[in-house]
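Enquirer: Data: start05.txt, compact mmCIF, C-alpha atoms.
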# COMPACT_ATOMS: atom_id res chain seq x y z
CA MET A 1 42.35 -16.24 -14.16
CA THR A 2 41.87 -19.80 -15.35
CA ALA A 3 38.77 -20.96 -17.21
CA GLU A 4 37.76 -23.00 -14.18
CA ILE A 5 37.86 -20.00 -11.86
CA ARG A 6 35.99 -17.88 -14.38
CA ASP A 7 33.30 -20.54 -14.74
CA ILE A 8 32.88 -20.78 -10.97
CA ALA A 9 32.42 -16.99 -10.72
CA ILE A 10 29.89 -16.94 -13.55
CA PHE A 11 28.00 -19.98 -12.27
CA THR A 12 27.75 -18.54 -8.76
CA THR A 13 26.46 -15.20 -10.02
CA VAL A 14 23.93 -16.79 -12.35
CA ALA A 15 22.76 -19.20 -9.64
CA ALA A 16 22.36 -16.33 -7.15
CA ILE A 17 20.34 -14.34 -9.69
CA ALA A 18 18.15 -17.40 -10.36
CA ALA A 19 17.72 -17.93 -6.61
CA THR A 20 16.70 -14.30 -6.16
CA ALA A 21 14.16 -14.64 -8.98
CA LEU A 22 12.88 -17.86 -7.42
CA MET A 23 12.38 -16.33 -3.96
CA LEU A 24 10.93 -13.04 -5.17
CA VAL A 25 7.27 -13.94 -5.78
CA PRO A 26 6.74 -16.25 -2.77
CA GLY A 27 8.87 -13.93 -0.62
CA VAL A 28 6.86 -10.83 -1.49
CA ALA A 29 3.58 -12.73 -1.11
CA VAL A 30 4.52 -14.02 2.36
CA ALA A 31 5.82 -10.58 3.38
CA TRP A 32 2.51 -9.00 2.36
CA LEU A 33 0.48 -11.64 4.18
CA LEU A 34 2.50 -11.17 7.36
CA ALA A 35 2.24 -7.38 7.14
CA ARG A 36 -1.42 -7.08 6.19
CA ARG A 37 -3.41 -10.15 7.18
CA ASP A 38 -4.24 -12.00 10.36
CA PHE A 39 -4.74 -15.68 9.85
CA ARG A 40 -4.49 -18.94 11.73
CA GLY A 41 -0.96 -20.24 11.85
CA LYS A 42 0.55 -16.81 11.21
CA SER A 43 3.18 -17.24 13.93
CA LEU A 44 4.01 -20.67 12.49
CA VAL A 45 4.63 -19.12 9.07
CA GLU A 46 6.68 -16.35 10.70
CA THR A 47 8.82 -18.94 12.48
CA LEU A 48 9.23 -21.19 9.45
CA VAL A 49 10.37 -18.29 7.28
CA SER A 50 12.91 -17.13 9.85
CA LEU A 51 14.20 -20.61 10.61
CA PRO A 52 16.99 -20.67 7.98
CA LEU A 53 18.33 -17.48 9.56
CA VAL A 54 18.92 -19.08 12.97
CA MET A 55 19.41 -22.75 12.15
CA PRO A 56 22.94 -23.94 11.25
CA PRO A 57 23.00 -23.73 7.42
CA VAL A 58 24.29 -27.30 7.32
CA ALA A 59 21.16 -28.43 9.15
CA THR A 60 18.99 -26.57 6.64
CA GLY A 61 20.94 -28.33 3.91
CA LEU A 62 20.31 -31.70 5.49
CA LEU A 63 16.60 -30.92 5.71
CA LEU A 64 16.56 -30.00 2.03
CA LEU A 65 18.48 -33.18 1.22
CA TRP A 66 15.78 -35.24 2.93
CA LEU A 67 12.94 -33.35 1.30
CA PHE A 68 14.38 -33.42 -2.20
CA SER A 69 16.22 -36.74 -2.39
CA ARG A 70 14.59 -39.23 -4.71
CA ARG A 71 12.86 -40.91 -1.76
CA GLY A 72 11.98 -37.65 -0.01
CA PRO A 73 8.41 -36.33 -0.15
CA LEU A 74 9.12 -33.53 -2.61
CA GLY A 75 11.96 -35.28 -4.47
CA ALA A 76 9.73 -38.31 -5.22
CA MET A 77 7.12 -36.05 -6.77
CA LEU A 78 9.70 -34.24 -8.88
CA ALA A 79 11.36 -37.53 -9.86
CA ARG A 80 8.09 -38.68 -11.37
CA LEU A 81 8.24 -35.58 -13.58
CA GLY A 82 11.79 -36.51 -14.50
CA ILE A 83 13.31 -33.70 -12.45
CA GLU A 84 16.27 -34.40 -10.25
CA VAL A 85 17.41 -31.79 -7.77
CA VAL A 86 19.95 -33.17 -5.33
CA PHE A 87 23.60 -32.71 -6.40
CA THR A 88 22.61 -30.74 -9.50
CA PRO A 89 22.89 -26.99 -10.22
CA ALA A 90 19.18 -26.81 -9.32
CA ALA A 91 20.10 -27.83 -5.77
CA VAL A 92 22.53 -24.89 -5.60
CA VAL A 93 19.75 -22.49 -6.61
CA LEU A 94 17.35 -24.12 -4.14
CA ALA A 95 19.79 -23.86 -1.22
CA MET A 96 20.58 -20.23 -2.08
CA ALA A 97 16.89 -19.33 -2.34
CA VAL A 98 15.96 -20.95 0.97
CA MET A 99 18.83 -19.23 2.76
CA GLY A 100 18.14 -15.84 1.18
CA LEU A 101 14.37 -15.90 1.63
CA PRO A 102 14.26 -14.79 5.31
CA LEU A 103 16.18 -11.62 4.53
CA LEU A 104 13.90 -10.76 1.62
CA VAL A 105 10.74 -11.47 3.62
CA ARG A 106 11.84 -9.41 6.64
CA THR A 107 12.86 -6.39 4.59
CA ALA A 108 9.83 -6.50 2.30
CA ARG A 109 7.50 -6.95 5.26
CA ALA A 110 8.90 -3.82 6.89
CA GLY A 111 8.30 -2.07 3.58
CA PHE A 112 4.65 -3.13 3.43
CA GLU A 113 4.16 -2.11 7.06
CA GLN A 114 5.42 1.38 6.23
CA VAL A 115 2.81 1.88 3.53
CA THR A 116 -0.02 3.87 5.12
CA ARG A 117 -3.21 1.90 4.82
CA ARG A 118 -5.03 5.11 4.11
CA TYR A 119 -3.49 5.28 0.64
CA GLU A 120 -5.05 1.89 -0.01
CA GLN A 121 -8.38 3.09 1.35
CA ILE A 122 -8.30 6.11 -0.97
CA ALA A 123 -7.63 3.81 -3.92
CA GLU A 124 -10.69 1.78 -2.88
CA THR A 125 -12.89 4.88 -2.76
CA LEU A 126 -11.74 5.51 -6.35
CA GLY A 127 -13.10 2.12 -7.38
CA ALA A 128 -9.96 -0.02 -7.28
CA GLY A 129 -10.36 -3.71 -6.43
CA PRO A 130 -7.91 -5.60 -4.18
CA TRP A 131 -5.48 -6.57 -6.95
CA ARG A 132 -5.38 -3.06 -8.42
CA VAL A 133 -4.83 -1.57 -4.96
CA PHE A 134 -1.95 -3.97 -4.40
CA SER A 135 -0.29 -3.60 -7.78
CA THR A 136 -0.69 0.16 -8.24
CA VAL A 137 -0.43 1.48 -4.67
CA THR A 138 0.95 -0.99 -2.14
CA LEU A 139 3.62 -2.59 -4.30
CA PRO A 140 5.09 0.62 -5.79
CA LEU A 141 5.17 2.27 -2.36
CA ALA A 142 6.99 -0.74 -0.90
CA ALA A 143 9.22 -1.21 -3.97
CA ARG A 144 12.37 0.29 -2.44
CA ASN A 145 12.26 -2.09 0.49
CA ILE A 146 11.49 -5.06 -1.73
CA LEU A 147 14.45 -4.19 -3.93
CA ALA A 148 16.70 -3.74 -0.90
CA GLY A 149 15.46 -7.11 0.41
CA ALA A 150 16.18 -8.72 -2.94
CA VAL A 151 19.73 -7.32 -2.89
CA LEU A 152 20.20 -8.68 0.63
CA GLY A 153 18.82 -12.07 -0.43
CA PHE A 154 21.09 -12.04 -3.47
CA SER A 155 24.14 -11.24 -1.33
CA ARG A 156 23.25 -14.03 1.08
CA ALA A 157 22.83 -16.39 -1.88
CA LEU A 158 26.26 -15.47 -3.26
CA GLY A 159 27.97 -16.46 -0.02
CA GLU A 160 25.88 -19.54 0.70
CA PHE A 161 28.01 -22.43 1.86
CA GLY A 162 26.58 -24.78 4.49
CA ALA A 163 23.29 -25.75 2.88
CA THR A 164 24.84 -25.86 -0.59
CA ILE A 165 27.61 -28.29 0.26
CA VAL A 166 25.14 -30.75 1.84
CA VAL A 167 22.44 -30.67 -0.81
CA ALA A 168 24.54 -29.91 -3.92
CA GLY A 169 28.05 -30.97 -3.05
CA SER A 170 31.18 -29.50 -4.62
CA ILE A 171 31.22 -31.04 -8.07
CA PRO A 172 33.73 -29.19 -10.27
CA GLY A 173 32.06 -27.67 -13.31
CA ARG A 174 28.61 -28.58 -12.02
CA THR A 175 27.75 -27.41 -8.52
CA ARG A 176 30.92 -25.71 -7.30
CA THR A 177 30.26 -22.14 -6.16
CA LEU A 178 32.63 -19.42 -4.92
CA ALA A 179 32.14 -20.22 -1.25
CA VAL A 180 32.23 -23.97 -1.72
CA GLY A 181 35.19 -23.57 -4.10
CA ILE A 182 37.23 -21.64 -1.53
CA TYR A 183 36.66 -24.45 0.94
CA SER A 184 37.44 -27.24 -1.55
CA PHE A 185 40.58 -25.56 -2.92
CA THR A 186 41.88 -24.85 0.58
CA GLU A 187 41.16 -28.42 1.63
CA SER A 188 43.21 -29.77 -1.26
CA GLY A 189 46.07 -27.30 -0.78
CA GLN A 190 45.31 -25.22 -3.92
CA ASP A 191 45.81 -21.98 -2.02
CA GLU A 192 46.34 -19.85 -5.10
CA GLN A 193 42.94 -20.70 -6.61
CA ALA A 194 41.34 -20.20 -3.21
CA ALA A 195 42.90 -16.74 -3.00
CA VAL A 196 41.60 -15.73 -6.43
CA LEU A 197 38.08 -16.89 -5.48
CA LEU A 198 38.42 -14.92 -2.26
CA ALA A 199 39.32 -11.79 -4.20
CA ILE A 200 36.33 -12.25 -6.53
CA SER A 201 34.03 -12.78 -3.53
CA VAL A 202 35.25 -9.56 -1.96
CA VAL A 203 34.61 -7.59 -5.16
CA ILE A 204 31.07 -8.97 -5.62
CA ALA A 205 30.16 -8.49 -1.95
CA PHE A 206 31.52 -4.94 -2.08
CA ALA A 207 29.37 -4.12 -5.12
CA ALA A 208 26.27 -5.66 -3.51
CA VAL A 209 26.66 -3.74 -0.24
CA LEU A 210 27.30 -0.53 -2.16
CA ALA A 211 24.16 -1.04 -4.24
CA SER A 212 22.05 -1.90 -1.20
CA ASN A 213 23.29 1.17 0.72
CA ARG A 214 22.51 3.41 -2.22
CA LEU A 215 18.98 1.98 -2.40
CA ALA A 216 18.49 2.51 1.32
CA ARG A 217 19.65 6.13 1.05
CA GLU A 218 17.27 6.90 -1.78
CA ALA A 219 14.34 5.23 -0.05
CA MET B 1 -29.94 18.46 -5.14
CA ALA B 2 -29.42 15.22 -3.30
CA ALA B 3 -31.55 13.39 -0.80
CA PHE B 4 -29.41 12.62 2.25
CA ASP B 5 -30.99 9.91 4.28
CA VAL B 6 -28.56 9.17 7.07
CA ASP B 7 -29.25 7.64 10.44
CA PHE B 8 -26.64 5.60 12.25
CA THR B 9 -24.76 4.91 15.45
CA LEU B 10 -21.02 4.38 15.36
CA GLU B 11 -18.83 3.32 18.27
CA GLN B 12 -15.12 3.88 18.58
CA GLY B 13 -13.86 2.75 21.95
CA GLU B 14 -15.44 5.03 24.55
CA PHE B 15 -16.80 7.41 21.95
CA THR B 16 -20.25 7.03 20.44
CA LEU B 17 -21.44 9.00 17.44
CA ALA B 18 -25.18 9.20 16.92
CA PHE B 19 -25.86 10.80 13.58
CA HIS B 20 -29.18 11.36 11.88
CA VAL B 21 -29.88 13.78 9.04
CA HIS B 22 -32.73 13.60 6.58
CA VAL B 23 -32.62 16.47 4.16
CA ASP B 24 -32.60 17.44 0.48
CA ALA B 25 -29.52 19.61 -0.07
CA ARG B 26 -26.78 20.44 -2.54
CA ALA B 27 -24.10 20.80 0.09
CA LEU B 28 -24.14 19.62 3.66
CA ALA B 29 -21.69 21.16 6.14
CA LEU B 30 -20.74 19.19 9.23
CA PHE B 31 -19.56 21.75 11.70
CA GLY B 32 -18.13 21.30 15.18
CA PRO B 33 -15.03 21.30 17.37
CA SER B 34 -12.27 18.78 16.78
CA GLY B 35 -13.00 15.41 18.28
CA SER B 36 -16.74 15.91 17.90
CA GLY B 37 -17.11 13.05 15.41
CA LYS B 38 -17.30 14.97 12.12
CA THR B 39 -14.59 12.96 10.36
CA SER B 40 -16.04 9.68 11.63
CA ALA B 41 -19.39 10.63 10.13
CA LEU B 42 -17.73 11.29 6.77
CA GLU B 43 -15.82 8.02 6.92
CA ALA B 44 -18.99 6.12 7.71
CA VAL B 45 -20.52 7.44 4.50
CA ALA B 46 -17.35 6.51 2.55
CA GLY B 47 -17.42 3.04 4.07
CA LEU B 48 -14.12 3.34 5.93
CA ARG B 49 -15.96 2.91 9.22
CA THR B 50 -18.87 0.58 9.79
CA PRO B 51 -21.80 1.75 11.90
CA ARG B 52 -22.99 -0.58 14.63
CA ARG B 53 -26.51 -0.01 13.45
CA GLY B 54 -28.32 2.28 11.07
CA ARG B 55 -28.89 3.20 7.47
CA ILE B 56 -27.07 5.52 5.07
CA ALA B 57 -28.59 6.37 1.69
CA VAL B 58 -27.76 9.13 -0.77
CA ASN B 59 -30.28 9.81 -3.53
CA GLY B 60 -31.94 6.50 -2.83
CA HIS B 61 -28.68 4.53 -3.19
CA VAL B 62 -28.43 2.51 -0.01
CA LEU B 63 -24.80 2.31 1.16
CA VAL B 64 -25.42 0.70 4.52
CA ASP B 65 -28.49 -0.79 6.09
CA THR B 66 -27.64 -2.92 9.09
CA GLU B 67 -31.18 -4.26 9.45
CA ALA B 68 -31.24 -5.44 5.84
CA HIS B 69 -27.61 -6.64 6.15
CA VAL B 70 -26.50 -4.32 3.35
CA ASN B 71 -22.96 -2.95 3.47
CA ILE B 72 -21.73 -1.88 0.04
CA PRO B 73 -17.94 -2.34 -0.30
CA VAL B 74 -15.95 0.91 -0.38
CA ARG B 75 -14.98 0.51 -4.03
CA HIS B 76 -18.58 0.21 -5.17
CA ARG B 77 -19.93 3.13 -3.15
CA ARG B 78 -19.27 6.00 -5.54
CA THR B 79 -18.37 8.27 -2.67
CA GLY B 80 -15.45 10.51 -3.64
CA TYR B 81 -13.40 11.19 -0.54
CA VAL B 82 -10.83 13.92 0.05
CA PRO B 83 -9.40 13.37 3.54
CA GLN B 84 -7.91 16.20 5.55
CA ASP B 85 -4.38 14.93 4.92
CA ILE B 86 -5.28 14.75 1.20
CA LEU B 87 -3.13 11.66 0.53
CA LEU B 88 -2.22 12.14 -3.10
CA PHE B 89 -0.35 9.04 -4.26
CA PRO B 90 3.30 10.08 -3.79
CA HIS B 91 4.64 7.80 -6.53
CA LEU B 92 2.38 9.23 -9.25
CA ASN B 93 2.42 12.66 -10.86
CA VAL B 94 -0.61 14.93 -10.89
CA ARG B 95 -2.01 13.55 -14.14
CA ASP B 96 -1.78 9.93 -12.98
CA ASN B 97 -3.28 10.82 -9.62
CA VAL B 98 -6.27 12.47 -11.26
CA ALA B 99 -6.69 9.61 -13.75
CA TYR B 100 -6.44 6.90 -11.09
CA GLY B 101 -10.18 6.31 -10.77
CA ARG B 102 -11.32 4.11 -13.63
CA ARG B 103 -14.83 3.31 -12.57
CA ALA B 104 -17.15 2.67 -15.49
CA GLY B 105 -20.24 4.78 -15.94
CA ASN B 106 -21.14 8.39 -15.53
CA ARG B 107 -18.17 10.63 -14.77
CA PRO B 108 -17.06 14.10 -15.70
CA ASP B 109 -14.91 14.83 -18.70
CA LEU B 110 -11.21 15.16 -17.77
CA ALA B 111 -10.68 18.34 -19.78
CA MET B 112 -13.64 19.94 -18.07
CA LEU B 113 -12.33 19.03 -14.62
CA VAL B 114 -8.87 20.34 -15.47
CA ASP B 115 -10.48 23.57 -16.58
CA LEU B 116 -12.81 23.90 -13.59
CA LEU B 117 -10.05 23.27 -11.04
CA GLU B 118 -7.35 25.16 -13.01
CA LEU B 119 -5.04 22.16 -13.12
CA GLU B 120 -3.55 22.59 -16.59
CA PRO B 121 -0.16 23.97 -15.43
CA LEU B 122 0.11 21.27 -12.75
CA MET B 123 -0.59 18.14 -14.77
CA ASN B 124 3.02 16.97 -15.18
CA ARG B 125 4.22 18.04 -11.75
CA ARG B 126 5.27 15.65 -9.03
CA VAL B 127 2.86 15.81 -6.11
CA GLY B 128 5.65 16.54 -3.63
CA SER B 129 6.19 19.94 -5.24
CA LEU B 130 2.59 21.18 -4.86
CA SER B 131 1.32 23.79 -2.39
CA GLY B 132 -1.53 23.05 0.02
CA GLY B 133 -4.14 24.62 -2.21
CA GLU B 134 -2.84 22.85 -5.31
CA ARG B 135 -2.89 19.51 -3.53
CA GLN B 136 -6.46 20.15 -2.44
CA ARG B 137 -7.56 20.89 -6.02
CA VAL B 138 -5.76 17.83 -7.41
CA ALA B 139 -7.37 15.62 -4.75
CA MET B 140 -10.80 17.01 -5.59
CA ALA B 141 -10.20 16.31 -9.29
CA ARG B 142 -9.03 12.77 -8.49
CA ALA B 143 -12.15 12.07 -6.45
CA LEU B 144 -14.47 13.64 -9.06
CA TYR B 145 -12.93 11.84 -12.01
CA SER B 146 -13.98 8.52 -10.49
CA GLY B 147 -17.60 9.61 -11.06
CA PRO B 148 -18.90 9.88 -7.49
CA ASP B 149 -22.55 10.29 -6.52
CA VAL B 150 -21.41 12.47 -3.64
CA LEU B 151 -18.13 14.21 -2.79
CA LEU B 152 -16.91 14.00 0.80
CA LEU B 153 -14.40 16.62 1.92
CA ASP B 154 -12.64 16.85 5.27
CA GLU B 155 -11.59 20.41 6.13
CA PRO B 156 -10.95 21.39 2.51
CA LEU B 157 -9.53 24.80 3.48
CA ALA B 158 -7.37 23.68 6.40
CA ALA B 159 -4.15 23.27 4.41
CA VAL B 160 -4.72 26.34 2.25
CA ASP B 161 -3.25 29.83 2.86
CA LEU B 162 -5.86 32.48 3.55
CA PRO B 163 -5.41 34.40 0.25
CA ARG B 164 -5.92 31.21 -1.75
CA ARG B 165 -9.03 30.05 0.06
CA ARG B 166 -11.31 31.97 -2.26
CA ARG B 167 -10.10 29.78 -5.12
CA ILE B 168 -11.02 26.58 -3.31
CA VAL B 169 -14.41 27.97 -2.33
CA ASP B 170 -15.01 28.85 -6.00
CA ALA B 171 -14.00 25.33 -6.97
CA LEU B 172 -16.44 23.89 -4.44
CA LEU B 173 -19.21 26.07 -5.82
CA GLY B 174 -18.32 24.95 -9.35
CA ILE B 175 -18.48 21.30 -8.34
CA ARG B 176 -21.79 21.87 -6.62
CA ASP B 177 -23.44 23.89 -9.41
CA GLN B 178 -21.68 23.15 -12.72
CA LEU B 179 -20.98 19.45 -12.16
CA GLY B 180 -24.02 19.00 -9.96
CA VAL B 181 -22.14 16.72 -7.55
CA PRO B 182 -23.56 17.02 -4.04
CA LEU B 183 -21.11 17.69 -1.23
CA ILE B 184 -20.73 16.73 2.37
CA TYR B 185 -17.93 18.59 3.99
CA VAL B 186 -16.47 18.83 7.43
CA THR B 187 -15.29 22.14 8.77
CA HIS B 188 -14.64 24.02 11.96
CA LEU B 189 -14.81 27.44 10.27
CA PRO B 190 -18.27 29.03 10.17
CA GLU B 191 -17.40 31.24 7.16
CA GLU B 192 -16.58 28.14 5.14
CA ALA B 193 -19.85 26.50 6.06
CA LEU B 194 -21.74 29.66 5.14
CA ALA B 195 -20.04 30.08 1.77
CA VAL B 196 -20.93 26.75 0.24
CA ALA B 197 -23.47 24.81 2.28
CA ASP B 198 -27.22 25.03 2.07
CA TRP B 199 -27.65 22.88 5.16
CA ALA B 200 -25.53 22.93 8.27
CA VAL B 201 -25.28 20.25 10.90
CA LEU B 202 -23.64 21.16 14.20
CA ILE B 203 -22.03 18.28 16.02
CA ASP B 204 -20.61 18.25 19.50
CA ASN B 205 -19.29 15.27 21.37
CA GLY B 206 -20.88 12.73 19.06
CA ARG B 207 -24.34 14.33 19.10
CA ILE B 208 -26.12 16.62 16.67
CA VAL B 209 -26.88 19.79 18.61
CA ALA B 210 -28.47 21.84 15.82
CA GLU B 211 -29.23 21.71 12.12
CA GLY B 212 -30.84 23.92 9.54
CA PRO B 213 -30.02 26.58 6.93
CA PRO B 214 -26.44 27.66 7.73
CA LYS B 215 -27.01 31.30 8.63
CA GLN B 216 -29.89 30.70 11.05
CA THR B 217 -28.21 27.65 12.52
CA PHE B 218 -25.05 29.56 13.34
CA GLU B 219 -26.89 32.55 14.73
CA SER B 220 -29.04 30.44 17.00
CA ASN B 221 -26.01 28.46 18.05
CA VAL B 222 -24.16 31.63 19.02
CA GLN B 223 -27.14 32.72 21.10
CA ARG B 224 -27.38 29.31 22.67
CA ARG B 225 -23.77 29.46 23.73
CA MET B 226 -24.11 32.94 25.21
Can I see the file as structure tokens?

Expert:
Amino acid sequence: MTAEIRDIAIFTTVAAIAATALMLVPGVAVAWLLARRDFRGKSLVETLVSLPLVMPPVATGLLLLWLFSRRGPLGAMLARLGIEVVFTPAAVVLAMAVMGLPLLVRTARAGFEQVTRRYEQIAETLGAGPWRVFSTVTLPLAARNILAGAVLGFSRALGEFGATIVVAGSIPGRTRTLAVGIYSFTESGQDEQAAVLLAISVVIAFAAVLASNRLAREA
Amino acid sequence: MAAFDVDFTLEQGEFTLAFHVHVDARALALFGPSGSGKTSALEAVAGLRTPRRGRIAVNGHVLVDTEAHVNIPVRHRRTGYVPQDILLFPHLNVRDNVAYGRRAGNRPDLAMLVDLLELEPLMNRRVGSLSGGERQRVAMARALYSGPDVLLLDEPLAAVDLPRRRRIVDALLGIRDQLGVPLIYVTHLPEEALAVADWAVLIDNGRIVAEGPPKQTFESNVQRRM
């Protein structure tokens, strides 16, 4: 395995882990809100969160490109702080997180819905406030599903292609991931490198599915 | 001895529960067939159901007063609640279940509770491995350790094998007399009501049909039904 291939594998894994960490807190928060609260605009939030699942990933990437380019609404704000996103490794993480989020939210939401409210009520009768109820009862009882959702989100992040290539490109040594690398190498006739990346992808995906199945069995 | 000052109306769909009891008692038994509204009455005291109108006070602590717009949140009520399905936290062991309540103020000593409810050999067990009677005792300890002004129990003997019921009854008597925590408990077994309660309230179809000292109340109720 060449150094380039090795770096692509490491970068992709690290970026997917970072994306999973990035989506975890907002993902769990949104999942809890959808499972436990009624509020105005709930169906809008539901739709927005699921959108990356049904939209062509390339379209999601284009949307991110608009939002985060230096003239885009979010990109302009970040630019003032000296942060640039588009065509940087940060864009890879962003694209992965946005594409993985729906899977995390759906799985975690199902987990919260399975937690009997009566456990939460009992905690309240014992004097626990809302945060203590959430952190000591709701969250631990939904933990398996949240973990399974995080594994799913991580797997989705590993394979992310469409949104990544639009918003981060395929810059060797900077934004090139496994999926994007397979495409780029094939495009330029470097079939051998593409095949090695393919093999690595299969191994990582295999491990992720195995881990997620084991979690589901133990849940 | 606690002053129960309870008078409320609760609606659940088609069903209306009209409940009014004003009595000084150590243990109040709510007795009646299933579906009569006993559990709803208990949950109204705990704050898990909100009466349409009325007032609930225990020992002068007002929990609900719809006219005065008072509705104390569940976590501030100091009403220990052991539901019929017990609901020990499945992800915590016995010790952590019992120690869950952390309310400041007056509450019994843990060692004393462990002793009273004979929990010592159970403390490190997982709750999934407990028998019905053990679960009941752990749930009572959990509720008591949070320092309640009143302990609410829903069918405390229902999940317990007959030979082990005596132990739970003894525990209830210990809570009532040694700890001095007043009880309200729901039951459909007259023997259970007779063993622990000093005031019995008979409910049928959302209405109180009789109340009084347990023995007399049951005898007159039997006559009434014949």

Enquirer: With all atoms listed in the file as the atoms that count, which of B:Leu117, B:Val58, B:Leu144, B:Leu88 lies nearest to Arg102 of chain B?

Expert: B:Leu144

Enquirer: Got a sec: who's within 9 Å of segment 185-189 of chain B, counting all atoms listed in the file, leaving out chain neighbours fewer than 4 positions off, as a ChimeraX atom specification?

Expert: /B:27-34,38-39,42,151-158,193-194,197

Enquirer: Write the residues you've just listed into a file as a short mmCIF file (atom, residue, chain, number, x, y, z; two decimals), keeping the file's coordinate frame, and include C-alpha atoms for each of them.

Expert:
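Result file is result.cif:
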data_model
loop_
_atom_site.label_atom_id
_atom_site.label_comp_id
_atom_site.auth_asym_id
_atom_site.auth_seq_id
_atom_site.Cartn_x
_atom_site.Cartn_y
_atom_site.Cartn_z
CA ALA B 27 -24.10 20.80 0.09
CA LEU B 28 -24.14 19.62 3.66
CA ALA B 29 -21.69 21.16 6.14
CA LEU B 30 -20.74 19.19 9.23
CA PHE B 31 -19.56 21.75 11.70
CA GLY B 32 -18.13 21.30 15.18
CA PRO B 33 -15.03 21.30 17.37
CA SER B 34 -12.27 18.78 16.78
CA LYS B 38 -17.30 14.97 12.12
CA THR B 39 -14.59 12.96 10.36
CA LEU B 42 -17.73 11.29 6.77
CA LEU B 151 -18.13 14.21 -2.79
CA LEU B 152 -16.91 14.00 0.80
CA LEU B 153 -14.40 16.62 1.92
CA ASP B 154 -12.64 16.85 5.27
CA GLU B 155 -11.59 20.41 6.13
CA PRO B 156 -10.95 21.39 2.51
CA LEU B 157 -9.53 24.80 3.48
CA ALA B 158 -7.37 23.68 6.40
CA ALA B 193 -19.85 26.50 6.06
CA LEU B 194 -21.74 29.66 5.14
CA ALA B 197 -23.47 24.81 2.28
#

Enquirer: Distance cut-off 10 Å, counting all atoms listed in the file - which residues of chain B neighbour chain A? Return them as an NGL selection string.

Expert: :B and (46-48 or 73-83 or 85-92 or 99-104 or 142-148)

Enquirer: Show me, as a compact mmCIF listing (two decimals) with C-alpha atoms, in the frame of the given file, the residues that have an atom within 9 Å of Phe15 of chain B when counting only C-alpha atoms, minus same-chain residues fewer than 4 positions from it.

Expert:
# COMPACT_ATOMS: atom_id res chain seq x y z
CA LEU B 10 -21.02 4.38 15.36
CA GLU B 11 -18.83 3.32 18.27
CA GLY B 37 -17.11 13.05 15.41
CA ASN B 205 -19.29 15.27 21.37
CA GLY B 206 -20.88 12.73 19.06

Enquirer: What is the atom CA of Asp204 of chain B to atom CA of Ser36 of chain B distance in Å?

Expert: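 Spanning atom CA of Asp204 of chain B to atom CA of Ser36 of chain B is a straight-line distance of 4.8 Å.
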
Enquirer: Can I get segment 106-117 of chain B with N, CA and C atoms filled in, as a PDB file, in the frame of the given file?

Expert:
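The resulting selection12.pdb:
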ATOM      1  N   ASN B 106     -21.054   6.949 -15.449  1.00  0.00           N
ATOM      2  CA  ASN B 106     -21.140   8.390 -15.530  1.00  0.00           C
ATOM      3  C   ASN B 106     -19.999   9.074 -14.768  1.00  0.00           C
ATOM      4  N   ARG B 107     -19.172   9.848 -15.478  1.00  0.00           N
ATOM      5  CA  ARG B 107     -18.170  10.630 -14.770  1.00  0.00           C
ATOM      6  C   ARG B 107     -17.791  11.839 -15.605  1.00  0.00           C
ATOM      7  N   PRO B 108     -17.306  12.865 -14.953  1.00  0.00           N
ATOM      8  CA  PRO B 108     -17.060  14.100 -15.700  1.00  0.00           C
ATOM      9  C   PRO B 108     -15.904  13.945 -16.686  1.00  0.00           C
ATOM     10  N   ASP B 109     -15.940  14.766 -17.691  1.00  0.00           N
ATOM     11  CA  ASP B 109     -14.910  14.830 -18.700  1.00  0.00           C
ATOM     12  C   ASP B 109     -13.614  15.368 -18.068  1.00  0.00           C
ATOM     13  N   LEU B 110     -12.474  14.752 -18.403  1.00  0.00           N
ATOM     14  CA  LEU B 110     -11.210  15.160 -17.770  1.00  0.00           C
ATOM     15  C   LEU B 110     -10.857  16.607 -18.093  1.00  0.00           C
ATOM     16  N   ALA B 111     -11.030  16.970 -19.369  1.00  0.00           N
ATOM     17  CA  ALA B 111     -10.680  18.340 -19.780  1.00  0.00           C
ATOM     18  C   ALA B 111     -11.513  19.369 -19.017  1.00  0.00           C
ATOM     19  N   MET B 112     -12.767  19.026 -18.783  1.00  0.00           N
ATOM     20  CA  MET B 112     -13.640  19.940 -18.070  1.00  0.00           C
ATOM     21  C   MET B 112     -13.202  20.096 -16.610  1.00  0.00           C
ATOM     22  N   LEU B 113     -12.805  18.986 -16.003  1.00  0.00           N
ATOM     23  CA  LEU B 113     -12.330  19.030 -14.620  1.00  0.00           C
ATOM     24  C   LEU B 113     -11.056  19.851 -14.504  1.00  0.00           C
ATOM     25  N   VAL B 114     -10.141  19.621 -15.457  1.00  0.00           N
ATOM     26  CA  VAL B 114      -8.870  20.340 -15.470  1.00  0.00           C
ATOM     27  C   VAL B 114      -9.130  21.834 -15.562  1.00  0.00           C
ATOM     28  N   ASP B 115     -10.107  22.176 -16.385  1.00  0.00           N
ATOM     29  CA  ASP B 115     -10.480  23.570 -16.580  1.00  0.00           C
ATOM     30  C   ASP B 115     -11.110  24.139 -15.303  1.00  0.00           C
ATOM     31  N   LEU B 116     -12.072  23.426 -14.763  1.00  0.00           N
ATOM     32  CA  LEU B 116     -12.810  23.900 -13.590  1.00  0.00           C
ATOM     33  C   LEU B 116     -11.874  24.124 -12.398  1.00  0.00           C
ATOM     34  N   LEU B 117     -10.924  23.195 -12.208  1.00  0.00           N
ATOM     35  CA  LEU B 117     -10.050  23.270 -11.040  1.00  0.00           C
ATOM     36  C   LEU B 117      -8.698  23.896 -11.367  1.00  0.00           C
TER      37      LEU B 117
END
